[in-house]
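Structure file run_13.cif with mmCIF, C-alpha atoms:
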```cif
data_data
#
loop_
_atom_site.group_PDB
_atom_site.id
_atom_site.type_symbol
_atom_site.label_atom_id
_atom_site.label_comp_id
_atom_site.auth_asym_id
_atom_site.auth_seq_id
_atom_site.Cartn_x
_atom_site.Cartn_y
_atom_site.Cartn_z
ATOM 1 C CA VAL A 1 54.531 116.577 79.018
ATOM 2 C CA CYS A 2 57.260 117.271 76.459
ATOM 3 C CA HIS A 3 59.237 119.222 79.042
ATOM 4 C CA THR A 4 58.913 116.375 81.549
ATOM 5 C CA MET A 5 60.046 113.739 79.022
ATOM 6 C CA LEU A 6 62.990 115.877 77.933
ATOM 7 C CA ARG A 7 64.087 116.362 81.549
ATOM 8 C CA GLN A 8 63.934 112.592 82.151
ATOM 9 C CA ILE A 9 66.023 111.890 79.045
ATOM 10 C CA LEU A 10 68.648 114.440 80.099
ATOM 11 C CA LEU A 11 68.838 112.932 83.594
ATOM 12 C CA VAL A 12 69.374 109.441 82.183
ATOM 13 C CA CYS A 13 72.150 110.682 79.869
ATOM 14 C CA ALA A 14 73.860 112.574 82.691
ATOM 15 C CA PHE A 15 73.766 109.507 84.958
ATOM 16 C CA ALA A 16 75.250 107.295 82.219
ATOM 17 C CA SER A 17 78.072 109.775 81.563
ATOM 18 C CA ALA A 18 78.896 110.072 85.255
ATOM 19 C CA SER A 19 78.970 106.284 85.647
ATOM 20 C CA ALA A 20 81.288 105.887 82.688
ATOM 21 C CA PHE A 21 83.628 108.495 84.149
ATOM 22 C CA GLN A 22 83.692 106.781 87.509
ATOM 23 C CA VAL A 23 84.738 103.501 85.877
ATOM 24 C CA SER A 24 87.349 104.768 83.455
ATOM 25 C CA GLY A 25 88.857 107.650 85.418
ATOM 26 C CA PRO A 26 90.362 105.805 88.397
ATOM 27 C CA ALA A 27 91.348 102.870 86.188
ATOM 28 C CA LEU A 28 93.450 105.112 83.997
ATOM 29 C CA THR A 29 94.968 106.810 87.020
ATOM 30 C CA SER A 30 95.923 103.487 88.583
ATOM 31 C CA GLY A 31 97.499 102.407 85.287
ATOM 32 C CA PHE A 32 99.847 105.393 85.373
ATOM 33 C CA ALA A 33 100.578 105.055 89.069
ATOM 34 C CA ALA A 34 101.499 101.395 88.764
ATOM 35 C CA ALA A 35 104.122 102.207 86.153
ATOM 36 C CA LYS A 36 105.327 105.254 88.107
ATOM 37 C CA CYS A 37 105.838 106.992 84.743
ATOM 38 C CA PRO A 38 106.960 110.619 84.584
ATOM 39 C CA LEU A 39 104.361 112.740 82.812
ATOM 40 C CA SER A 40 106.412 112.779 79.604
ATOM 41 C CA LEU A 41 106.501 108.974 79.523
ATOM 42 C CA ARG A 42 102.850 108.161 80.061
ATOM 43 C CA GLN A 43 101.541 105.441 77.790
ATOM 44 C CA SER A 44 98.861 105.845 75.137
ATOM 45 C CA PRO A 45 95.268 105.046 76.184
ATOM 46 C CA GLN A 46 95.527 101.787 74.245
ATOM 47 C CA VAL A 47 98.540 100.655 76.304
ATOM 48 C CA VAL A 48 96.910 101.724 79.567
ATOM 49 C CA ALA A 49 93.800 99.761 78.582
ATOM 50 C CA SER A 50 95.912 96.687 77.866
ATOM 51 C CA ARG A 51 97.434 96.982 81.328
ATOM 52 C CA ARG A 52 93.996 97.066 82.919
ATOM 53 C CA VAL A 53 93.051 93.870 81.124
ATOM 54 C CA ALA A 54 96.362 92.120 81.793
ATOM 55 C CA ALA A 55 96.637 93.127 85.460
ATOM 56 C CA PRO A 56 94.607 90.192 86.883
ATOM 57 C CA ARG A 57 96.717 87.692 84.930
ATOM 58 C CA ILE A 58 98.928 86.701 87.874
ATOM 59 C CA GLY A 59 95.999 86.810 90.274
ATOM 60 C CA ALA A 60 94.080 84.514 87.954
ATOM 61 C CA LEU A 61 96.593 81.782 88.762
ATOM 62 C CA ASN A 62 94.985 81.427 92.190
ATOM 63 C CA LEU A 63 93.162 78.256 91.196
ATOM 64 C CA ALA A 64 92.508 74.947 92.839
ATOM 65 C CA ALA A 65 95.261 72.436 92.157
ATOM 66 C CA ALA A 66 92.863 70.323 90.089
ATOM 67 C CA GLU A 67 92.327 73.251 87.714
ATOM 68 C CA LEU A 68 96.033 73.785 87.040
ATOM 69 C CA THR A 69 97.557 72.026 84.082
ATOM 70 C CA GLY A 70 100.931 71.814 82.382
ATOM 71 C CA ILE A 71 103.276 74.701 83.038
ATOM 72 C CA ASP A 72 101.174 76.299 85.800
ATOM 73 C CA LYS A 73 101.014 73.004 87.678
ATOM 74 C CA ALA A 74 104.806 72.780 87.503
ATOM 75 C CA LYS A 75 105.217 76.352 88.736
ATOM 76 C CA GLN A 76 102.894 75.709 91.659
ATOM 77 C CA ALA A 77 104.775 72.538 92.609
ATOM 78 C CA ALA A 78 108.123 74.337 92.671
ATOM 79 C CA GLY A 79 106.741 77.345 94.550
ATOM 80 C CA TYR A 80 105.027 75.267 97.234
ATOM 81 C CA LYS A 81 108.019 72.963 97.735
ATOM 82 C CA SER A 82 110.388 75.909 98.211
ATOM 83 C CA VAL A 83 108.301 77.236 101.100
ATOM 84 C CA ASP A 84 107.645 73.809 102.630
ATOM 85 C CA ASP A 85 111.375 72.952 102.561
ATOM 86 C CA HIS A 86 112.991 76.248 103.502
ATOM 87 C CA VAL A 87 110.660 78.636 105.351
ATOM 88 C CA GLU A 88 110.265 78.293 109.118
ATOM 89 C CA SER A 89 108.633 80.352 111.836
ATOM 90 C CA GLY A 90 110.631 83.377 112.966
ATOM 91 C CA MET A 91 112.415 83.872 109.624
ATOM 92 C CA VAL A 92 112.986 86.921 107.471
ATOM 93 C CA VAL A 93 112.004 85.869 103.940
ATOM 94 C CA GLY A 94 112.577 87.476 100.554
ATOM 95 C CA LEU A 95 109.620 87.154 98.186
ATOM 96 C CA GLY A 96 110.404 87.062 94.481
ATOM 97 C CA THR A 97 108.479 88.346 91.498
ATOM 98 C CA GLY A 98 106.882 86.535 88.580
ATOM 99 C CA SER A 99 104.522 83.724 87.672
ATOM 100 C CA THR A 100 106.486 81.044 89.558
ATOM 101 C CA ALA A 101 107.312 83.161 92.605
ATOM 102 C CA TYR A 102 103.586 83.953 92.796
ATOM 103 C CA PHE A 103 102.959 80.430 94.074
ATOM 104 C CA ALA A 104 105.670 80.705 96.740
ATOM 105 C CA VAL A 105 104.005 83.880 98.036
ATOM 106 C CA GLU A 106 100.653 82.130 97.934
ATOM 107 C CA ARG A 107 102.065 79.237 99.974
ATOM 108 C CA VAL A 108 103.469 81.563 102.628
ATOM 109 C CA GLY A 109 100.029 83.141 102.947
ATOM 110 C CA GLN A 110 98.353 79.751 103.278
ATOM 111 C CA LYS A 111 100.724 78.563 106.009
ATOM 112 C CA LEU A 112 100.422 81.804 107.955
ATOM 113 C CA LYS A 113 96.636 81.572 107.827
ATOM 114 C CA SER A 114 96.659 77.949 109.000
ATOM 115 C CA GLY A 115 99.091 78.715 111.827
ATOM 116 C CA GLU A 116 101.860 76.473 110.465
ATOM 117 C CA LEU A 117 104.051 79.561 110.158
ATOM 118 C CA LYS A 118 104.308 82.264 112.813
ATOM 119 C CA ASP A 119 106.339 85.383 113.466
ATOM 120 C CA ILE A 120 107.810 85.665 109.988
ATOM 121 C CA ILE A 121 108.364 88.914 108.133
ATOM 122 C CA CYS A 122 108.851 89.154 104.384
ATOM 123 C CA ILE A 123 110.559 91.553 101.993
ATOM 124 C CA PRO A 124 108.912 91.857 98.559
ATOM 125 C CA THR A 125 110.973 92.458 95.419
ATOM 126 C CA SER A 126 108.393 94.453 93.463
ATOM 127 C CA GLU A 127 105.202 96.428 93.805
ATOM 128 C CA ARG A 128 103.252 93.508 92.305
ATOM 129 C CA THR A 129 104.591 91.127 94.938
ATOM 130 C CA ARG A 130 103.923 93.655 97.687
ATOM 131 C CA GLU A 131 100.299 93.922 96.591
ATOM 132 C CA GLN A 132 99.869 90.136 96.496
ATOM 133 C CA ALA A 133 101.488 89.709 99.919
ATOM 134 C CA GLU A 134 99.335 92.424 101.464
ATOM 135 C CA SER A 135 96.216 90.757 100.067
ATOM 136 C CA LEU A 136 97.258 87.593 101.948
ATOM 137 C CA ASP A 137 97.986 89.476 105.203
ATOM 138 C CA ILE A 138 101.707 88.612 105.064
ATOM 139 C CA PRO A 139 103.733 90.920 107.350
ATOM 140 C CA LEU A 140 106.144 93.015 105.284
ATOM 141 C CA CYS A 141 109.146 95.257 105.706
ATOM 142 C CA THR A 142 111.987 96.526 103.508
ATOM 143 C CA LEU A 143 115.766 96.228 103.557
ATOM 144 C CA ASN A 144 115.770 99.485 105.499
ATOM 145 C CA GLU A 145 114.347 97.582 108.474
ATOM 146 C CA LYS A 146 115.940 94.148 107.885
ATOM 147 C CA SER A 147 119.209 93.904 105.966
ATOM 148 C CA LYS A 148 119.815 90.207 106.649
ATOM 149 C CA LEU A 149 117.474 87.524 105.338
ATOM 150 C CA ASP A 150 117.278 83.856 106.232
ATOM 151 C CA VAL A 151 116.041 82.808 102.819
ATOM 152 C CA ALA A 152 114.878 84.327 99.537
ATOM 153 C CA ILE A 153 112.757 82.506 96.964
ATOM 154 C CA ASP A 154 112.394 83.555 93.345
ATOM 155 C CA GLY A 155 112.073 82.249 89.816
ATOM 156 C CA ALA A 156 114.407 82.675 86.851
ATOM 157 C CA ASP A 157 114.141 83.044 83.098
ATOM 158 C CA ALA A 158 117.130 80.773 82.404
ATOM 159 C CA VAL A 159 119.394 78.534 84.503
ATOM 160 C CA ASP A 160 122.725 77.142 83.275
ATOM 161 C CA PRO A 161 124.601 74.074 84.661
ATOM 162 C CA ASP A 162 126.687 76.344 86.946
ATOM 163 C CA PHE A 163 123.437 77.677 88.475
ATOM 164 C CA ALA A 164 124.038 81.111 86.964
ATOM 165 C CA LEU A 165 120.731 82.757 86.136
ATOM 166 C CA VAL A 166 119.140 85.241 83.783
ATOM 167 C CA LYS A 167 116.422 87.190 85.580
ATOM 168 C CA GLY A 168 114.459 90.335 84.882
ATOM 169 C CA GLY A 169 111.877 89.296 82.335
ATOM 170 C CA GLY A 170 109.310 90.833 84.666
ATOM 171 C CA GLY A 171 111.315 94.035 85.053
ATOM 172 C CA ALA A 172 112.139 93.639 88.763
ATOM 173 C CA LEU A 173 115.804 92.608 88.485
ATOM 174 C CA LEU A 174 117.295 95.418 90.602
ATOM 175 C CA ARG A 175 115.063 94.884 93.640
ATOM 176 C CA GLU A 176 115.333 91.116 93.231
ATOM 177 C CA LYS A 177 119.121 91.241 93.290
ATOM 178 C CA MET A 178 119.269 93.718 96.191
ATOM 179 C CA VAL A 179 117.077 91.448 98.315
ATOM 180 C CA GLU A 180 118.374 88.045 97.249
ATOM 181 C CA VAL A 181 122.064 88.840 97.585
ATOM 182 C CA MET A 182 121.424 89.502 101.290
ATOM 183 C CA ALA A 183 119.869 86.071 101.955
ATOM 184 C CA LYS A 184 121.723 83.216 103.647
ATOM 185 C CA LYS A 185 120.023 80.929 101.109
ATOM 186 C CA PHE A 186 118.655 81.922 97.730
ATOM 187 C CA ILE A 187 116.292 79.249 96.402
ATOM 188 C CA CYS A 188 115.618 79.394 92.679
ATOM 189 C CA ILE A 189 112.318 77.848 91.554
ATOM 190 C CA VAL A 190 111.708 77.024 87.889
ATOM 191 C CA ASP A 191 109.888 74.673 85.567
ATOM 192 C CA ASP A 192 112.109 72.493 83.410
ATOM 193 C CA THR A 193 111.681 74.670 80.314
ATOM 194 C CA LYS A 194 114.011 77.234 81.936
ATOM 195 C CA LEU A 195 117.037 74.885 82.004
ATOM 196 C CA CYS A 196 119.688 75.573 79.366
ATOM 197 C CA LYS A 197 123.216 74.576 78.372
ATOM 198 C CA GLY A 198 124.368 78.194 78.305
ATOM 199 C CA LEU A 199 122.905 81.632 79.003
ATOM 200 C CA GLY A 200 121.972 83.920 76.148
ATOM 201 C CA PRO A 201 119.941 82.344 73.350
ATOM 202 C CA SER A 202 117.057 80.966 75.417
ATOM 203 C CA PHE A 203 116.096 84.306 76.993
ATOM 204 C CA ALA A 204 117.207 87.883 76.367
ATOM 205 C CA LEU A 205 119.420 89.394 79.076
ATOM 206 C CA PRO A 206 117.783 92.466 80.693
ATOM 207 C CA VAL A 207 119.927 95.428 81.717
ATOM 208 C CA GLU A 208 118.408 98.234 83.811
ATOM 209 C CA ILE A 209 119.699 101.660 82.816
ATOM 210 C CA THR A 210 119.083 105.286 83.741
ATOM 211 C CA PRO A 211 116.687 107.238 81.505
ATOM 212 C CA PHE A 212 119.275 110.007 81.008
ATOM 213 C CA CYS A 213 120.816 109.592 77.529
ATOM 214 C CA HIS A 214 119.477 106.066 77.398
ATOM 215 C CA MET A 215 120.277 105.498 73.721
ATOM 216 C CA HIS A 216 123.907 106.392 74.396
ATOM 217 C CA THR A 217 123.997 103.810 77.190
ATOM 218 C CA LEU A 218 122.308 101.240 74.940
ATOM 219 C CA ARG A 219 125.023 101.694 72.291
ATOM 220 C CA THR A 220 127.771 101.553 74.920
ATOM 221 C CA ILE A 221 126.426 98.258 76.254
ATOM 222 C CA ALA A 222 126.118 96.740 72.777
ATOM 223 C CA ALA A 223 129.767 97.603 72.066
ATOM 224 C CA LEU A 224 131.160 95.739 75.093
ATOM 225 C CA PRO A 225 133.463 92.869 73.975
ATOM 226 C CA GLU A 226 132.068 90.666 76.752
ATOM 227 C CA VAL A 227 128.620 90.685 75.110
ATOM 228 C CA ALA A 228 129.823 90.718 71.514
ATOM 229 C CA GLY A 229 127.255 89.570 68.984
ATOM 230 C CA CYS A 230 124.209 90.671 70.951
ATOM 231 C CA GLU A 231 121.425 92.869 69.661
ATOM 232 C CA ALA A 232 120.475 95.561 72.182
ATOM 233 C CA VAL A 233 116.775 96.460 72.188
ATOM 234 C CA LEU A 234 115.042 99.052 74.370
ATOM 235 C CA ARG A 235 112.047 97.492 76.129
ATOM 236 C CA THR A 236 108.816 99.386 75.436
ATOM 237 C CA GLY A 237 105.276 99.378 76.778
ATOM 238 C CA ASP A 238 104.561 97.342 79.901
ATOM 239 C CA CYS A 239 107.781 96.667 81.793
ATOM 240 C CA SER A 240 106.571 93.430 83.348
ATOM 241 C CA ASN A 241 105.582 91.278 80.390
ATOM 242 C CA ASN A 242 108.784 91.382 78.298
ATOM 243 C CA GLN A 243 106.767 92.171 75.156
ATOM 244 C CA PRO A 244 107.045 95.301 72.944
ATOM 245 C CA ASP A 245 103.433 96.372 73.483
ATOM 246 C CA GLY A 246 103.849 100.155 73.358
ATOM 247 C CA ASP A 247 105.719 103.014 71.749
ATOM 248 C CA GLU A 248 107.220 104.554 74.891
ATOM 249 C CA PRO A 249 110.115 103.104 76.937
ATOM 250 C CA ALA A 250 109.052 100.615 79.618
ATOM 251 C CA VAL A 251 109.576 102.045 83.103
ATOM 252 C CA THR A 252 110.599 99.928 86.114
ATOM 253 C CA ASP A 253 109.397 100.306 89.702
ATOM 254 C CA ASN A 254 112.544 102.379 90.207
ATOM 255 C CA GLY A 255 111.821 104.798 87.337
ATOM 256 C CA ASN A 256 114.502 103.316 85.071
ATOM 257 C CA TYR A 257 114.517 101.800 81.575
ATOM 258 C CA ILE A 258 115.467 98.287 80.449
ATOM 259 C CA VAL A 259 117.638 97.218 77.533
ATOM 260 C CA ASP A 260 117.217 93.574 76.477
ATOM 261 C CA LEU A 261 120.306 91.899 74.999
ATOM 262 C CA ILE A 262 119.372 89.249 72.454
ATOM 263 C CA PHE A 263 121.967 86.551 71.770
ATOM 264 C CA LYS A 264 122.164 83.931 69.045
ATOM 265 C CA GLU A 265 125.031 82.096 70.782
ATOM 266 C CA ASN A 266 125.878 81.345 74.409
ATOM 267 C CA ILE A 267 127.556 84.081 76.423
ATOM 268 C CA LYS A 268 131.179 82.918 76.417
ATOM 269 C CA ASP A 269 132.165 84.143 79.898
ATOM 270 C CA VAL A 270 129.176 84.893 82.124
ATOM 271 C CA PRO A 271 131.117 86.341 85.124
ATOM 272 C CA ALA A 272 133.109 88.592 82.783
ATOM 273 C CA ALA A 273 129.928 89.808 81.082
ATOM 274 C CA ALA A 274 128.359 90.500 84.482
ATOM 275 C CA ALA A 275 131.376 92.541 85.602
ATOM 276 C CA ALA A 276 131.591 94.517 82.349
ATOM 277 C CA LEU A 277 127.918 95.438 82.427
ATOM 278 C CA LYS A 278 128.041 96.457 86.085
ATOM 279 C CA ASN A 279 131.075 98.674 85.427
ATOM 280 C CA THR A 280 129.379 100.570 82.590
ATOM 281 C CA VAL A 281 128.374 104.096 83.552
ATOM 282 C CA GLY A 282 124.622 104.479 83.049
ATOM 283 C CA VAL A 283 123.904 100.851 83.928
ATOM 284 C CA VAL A 284 122.046 100.457 87.224
ATOM 285 C CA ASP A 285 122.254 96.639 87.265
ATOM 286 C CA HIS A 286 121.762 93.611 85.039
ATOM 287 C CA GLY A 287 119.910 90.315 85.024
ATOM 288 C CA LEU A 288 122.896 87.997 85.446
ATOM 289 C CA PHE A 289 122.772 86.388 88.894
ATOM 290 C CA VAL A 290 126.133 84.683 89.327
ATOM 291 C CA GLY A 291 127.362 82.770 92.378
ATOM 292 C CA MET A 292 124.174 83.465 94.333
ATOM 293 C CA THR A 293 122.077 80.304 93.972
ATOM 294 C CA TYR A 294 121.989 77.898 96.922
ATOM 295 C CA GLN A 295 119.515 75.462 95.406
ATOM 296 C CA VAL A 296 117.394 75.072 92.277
ATOM 297 C CA ILE A 297 113.996 73.389 92.545
ATOM 298 C CA VAL A 298 112.957 72.164 89.101
ATOM 299 C CA ALA A 299 109.376 71.090 88.423
ATOM 300 C CA GLY A 300 108.176 68.974 85.523
ATOM 301 C CA GLY A 301 104.869 69.270 83.741
ATOM 302 C CA ASP A 302 103.428 66.445 85.833
ATOM 303 C CA GLY A 303 104.061 68.402 89.039
ATOM 304 C CA SER A 304 107.031 66.312 90.204
ATOM 305 C CA CYS A 305 110.107 68.160 91.480
ATOM 306 C CA LYS A 306 113.843 67.553 91.412
ATOM 307 C CA VAL A 307 116.431 69.478 93.407
ATOM 308 C CA ALA A 308 119.858 70.593 92.197
ATOM 309 C CA GLY A 309 122.583 72.276 94.215
ATOM 310 C CA GLU A 310 123.034 72.121 97.995
ATOM 311 C CA GLY A 311 121.157 69.139 99.377
ATOM 312 C CA GLY A 312 120.331 67.931 95.867
ATOM 313 C CA GLU A 313 121.843 66.597 92.675
ATOM 314 C CA LYS A 314 124.486 67.983 90.358
ATOM 315 C CA ALA A 315 123.112 69.794 87.358
ATOM 316 C CA TRP A 316 121.769 67.142 84.972
ATOM 317 C CA TRP A 317 121.034 69.417 82.011
#
```
How does the structure come out when it is put into structure tokens?
Amino acid sequence: VCHTMLRQILLVCAFASASAFQVSGPALTSGFAAAKCPLSLRQSPQVVASRRVAAPRIGALNLAAAELTGIDKAKQAAGYKSVDDHVESGMVVGLGTGSTAYFAVERVGQKLKSGELKDIICIPTSERTREQAESLDIPLCTLNEKSKLDVAIDGADAVDPDFALVKGGGGALLREKMVEVMAKKFICIVDDTKLCKGLGPSFALPVEITPFCHMHTLRTIAALPEVAGCEAVLRTGDCSNNQPDGDEPAVTDNGNYIVDLIFKENIKDVPAAAAALKNTVGVVDHGLFVGMTYQVIVAGGDGSCKVAGEGGEKAWW
């Protein structure tokens, strides 16, 4: 009897251990794969665990309109309007990245499913957007297959009265710029909290750099006269949430690092700052989007939208 009971206890323990391994093993693997980290840059288990918890955050926005309130309602309004106004059957469409662009992607999926849109193909600007689009059965390609786009839709972290943007809070600035610069029309979708008098203080300016001698590049950037007065900070932890939630450098979809430039005053000459950053060896690209915006769709907290730029008003902020 004792032998039988002991064998049963051992079997139960073995089954519990195997089940725990099956849950945690693949989850940790997917956490590393999503960040595409080299082995030497893998995050601590605590950071990987935080990624597993945070991962459904964008997906959790897929709520009925009645359940959305405040800022999410505004983001949905802007995202839906951008697709309703600018996406037609037969187009090549660039899909942005972030919590506002999420709703534009969602709208494309809805209209394809209903048959309102047909024969479109989309180019995602990040792995997160690709995964969302695939889950909605949106046909996808890359710039390798389609170099010319009819329209691209994306959010922004800050918009000034000249329609210059700061982008890259979600860490996808390089792919966003590569896709959106090739569009006949780039539609920027934001809630009204993103409007500002000048770029700089309202949101840190991301700069994507190569990992090689990254601290040297960080110091070189900080010393540029065109961005004088900024504090250059290496982004750590999860690349996509713009929060220092880890000890290791944040890694982009392209395997690069990001330096965030924090300003207390407006950038004096945005085009000059953009050119100086782009010309710095070690810089891959930066989050200043200048002279690219065709139209800005601005949503208020009540879900109403106003349009600035082509076909809309002059900047009112």
Practice prompt. Excluding A:Gly155 and any residue of its chain fewer than 6 positions from it, enumerate the residues within 9 Å of it, using only C-alpha atoms, and give them as a PyMOL selection string.
Written response: chain A and resi 79+96-101+167+187-191
Please produce a file of those selected residues containing C-alpha atoms, as a short mmCIF file (atom, residue, chain, number, x, y, z; two decimals), in the coordinates of the input.
```cif
data_model
loop_
_atom_site.label_atom_id
_atom_site.label_comp_id
_atom_site.auth_asym_id
_atom_site.auth_seq_id
_atom_site.Cartn_x
_atom_site.Cartn_y
_atom_site.Cartn_z
CA GLY A 79 106.74 77.34 94.55
CA GLY A 96 110.40 87.06 94.48
CA THR A 97 108.48 88.35 91.50
CA GLY A 98 106.88 86.54 88.58
CA SER A 99 104.52 83.72 87.67
CA THR A 100 106.49 81.04 89.56
CA ALA A 101 107.31 83.16 92.60
CA LYS A 167 116.42 87.19 85.58
CA ILE A 187 116.29 79.25 96.40
CA CYS A 188 115.62 79.39 92.68
CA ILE A 189 112.32 77.85 91.55
CA VAL A 190 111.71 77.02 87.89
CA ASP A 191 109.89 74.67 85.57
#
```
Fill in: Selection under test: the PyMOL selection byres ((chain A and resi 291-305) around 8); residues as JSON, numbers by chain
{"A": [69, 70, 71, 73, 74, 75, 76, 77, 78, 81, 82, 163, 164, 180, 181, 185, 186, 187, 188, 189, 190, 191, 192, 289, 290, 306, 307, 308, 309, 310, 311, 312]}
Practice prompt. Place a sphere of radius 7 Å on (117.1, 94.1, 82.7) in the file coordinates and name every protein, DNA or RNA residue with an atom inside or on its surface, counting all atoms listed in the file; give the answer as a list in words.
Written response: Gly168, Gly171, Leu173, Leu205, Pro206, Val207, Glu208, Ile258, Val259, Asp260, His286 and Gly287 of chain A
Could you state which residues are captured by the PyMOL selection byres ((chain A and resi 236) around 12) in this file, as a PDB file with C-alpha atoms, keeping the file's coordinate frame?
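Output file result.pdb is given in full below:
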```pdb
ATOM      1  CA  LEU A  41     106.501 108.974  79.523  1.00  0.00           C
ATOM      2  CA  ARG A  42     102.850 108.161  80.061  1.00  0.00           C
ATOM      3  CA  GLN A  43     101.541 105.441  77.790  1.00  0.00           C
ATOM      4  CA  SER A  44      98.861 105.845  75.137  1.00  0.00           C
ATOM      5  CA  VAL A  47      98.540 100.655  76.304  1.00  0.00           C
ATOM      6  CA  GLY A 171     111.315  94.035  85.053  1.00  0.00           C
ATOM      7  CA  VAL A 233     116.775  96.460  72.188  1.00  0.00           C
ATOM      8  CA  LEU A 234     115.042  99.052  74.370  1.00  0.00           C
ATOM      9  CA  ARG A 235     112.047  97.492  76.129  1.00  0.00           C
ATOM     10  CA  GLY A 237     105.276  99.378  76.778  1.00  0.00           C
ATOM     11  CA  ASP A 238     104.561  97.342  79.901  1.00  0.00           C
ATOM     12  CA  CYS A 239     107.781  96.667  81.793  1.00  0.00           C
ATOM     13  CA  SER A 240     106.571  93.430  83.348  1.00  0.00           C
ATOM     14  CA  ASN A 241     105.582  91.278  80.390  1.00  0.00           C
ATOM     15  CA  ASN A 242     108.784  91.382  78.298  1.00  0.00           C
ATOM     16  CA  GLN A 243     106.767  92.171  75.156  1.00  0.00           C
ATOM     17  CA  PRO A 244     107.045  95.301  72.944  1.00  0.00           C
ATOM     18  CA  ASP A 245     103.433  96.372  73.483  1.00  0.00           C
ATOM     19  CA  GLY A 246     103.849 100.155  73.358  1.00  0.00           C
ATOM     20  CA  ASP A 247     105.719 103.014  71.749  1.00  0.00           C
ATOM     21  CA  GLU A 248     107.220 104.554  74.891  1.00  0.00           C
ATOM     22  CA  PRO A 249     110.115 103.104  76.937  1.00  0.00           C
ATOM     23  CA  ALA A 250     109.052 100.615  79.618  1.00  0.00           C
ATOM     24  CA  VAL A 251     109.576 102.045  83.103  1.00  0.00           C
ATOM     25  CA  THR A 252     110.599  99.928  86.114  1.00  0.00           C
ATOM     26  CA  ASN A 256     114.502 103.316  85.071  1.00  0.00           C
ATOM     27  CA  TYR A 257     114.517 101.800  81.575  1.00  0.00           C
ATOM     28  CA  ILE A 258     115.467  98.287  80.449  1.00  0.00           C
ATOM     29  CA  VAL A 259     117.638  97.218  77.533  1.00  0.00           C
ATOM     30  CA  ASP A 260     117.217  93.574  76.477  1.00  0.00           C
TER      31      ASP A 260
END
```
Worksheet item: Written as an MDAnalysis selection string, which residues does the PyMOL selection byres ((chain A and resi 266) around 9) give for the file shown?
Response: chainID A and resid 197:202 263:265 267:269
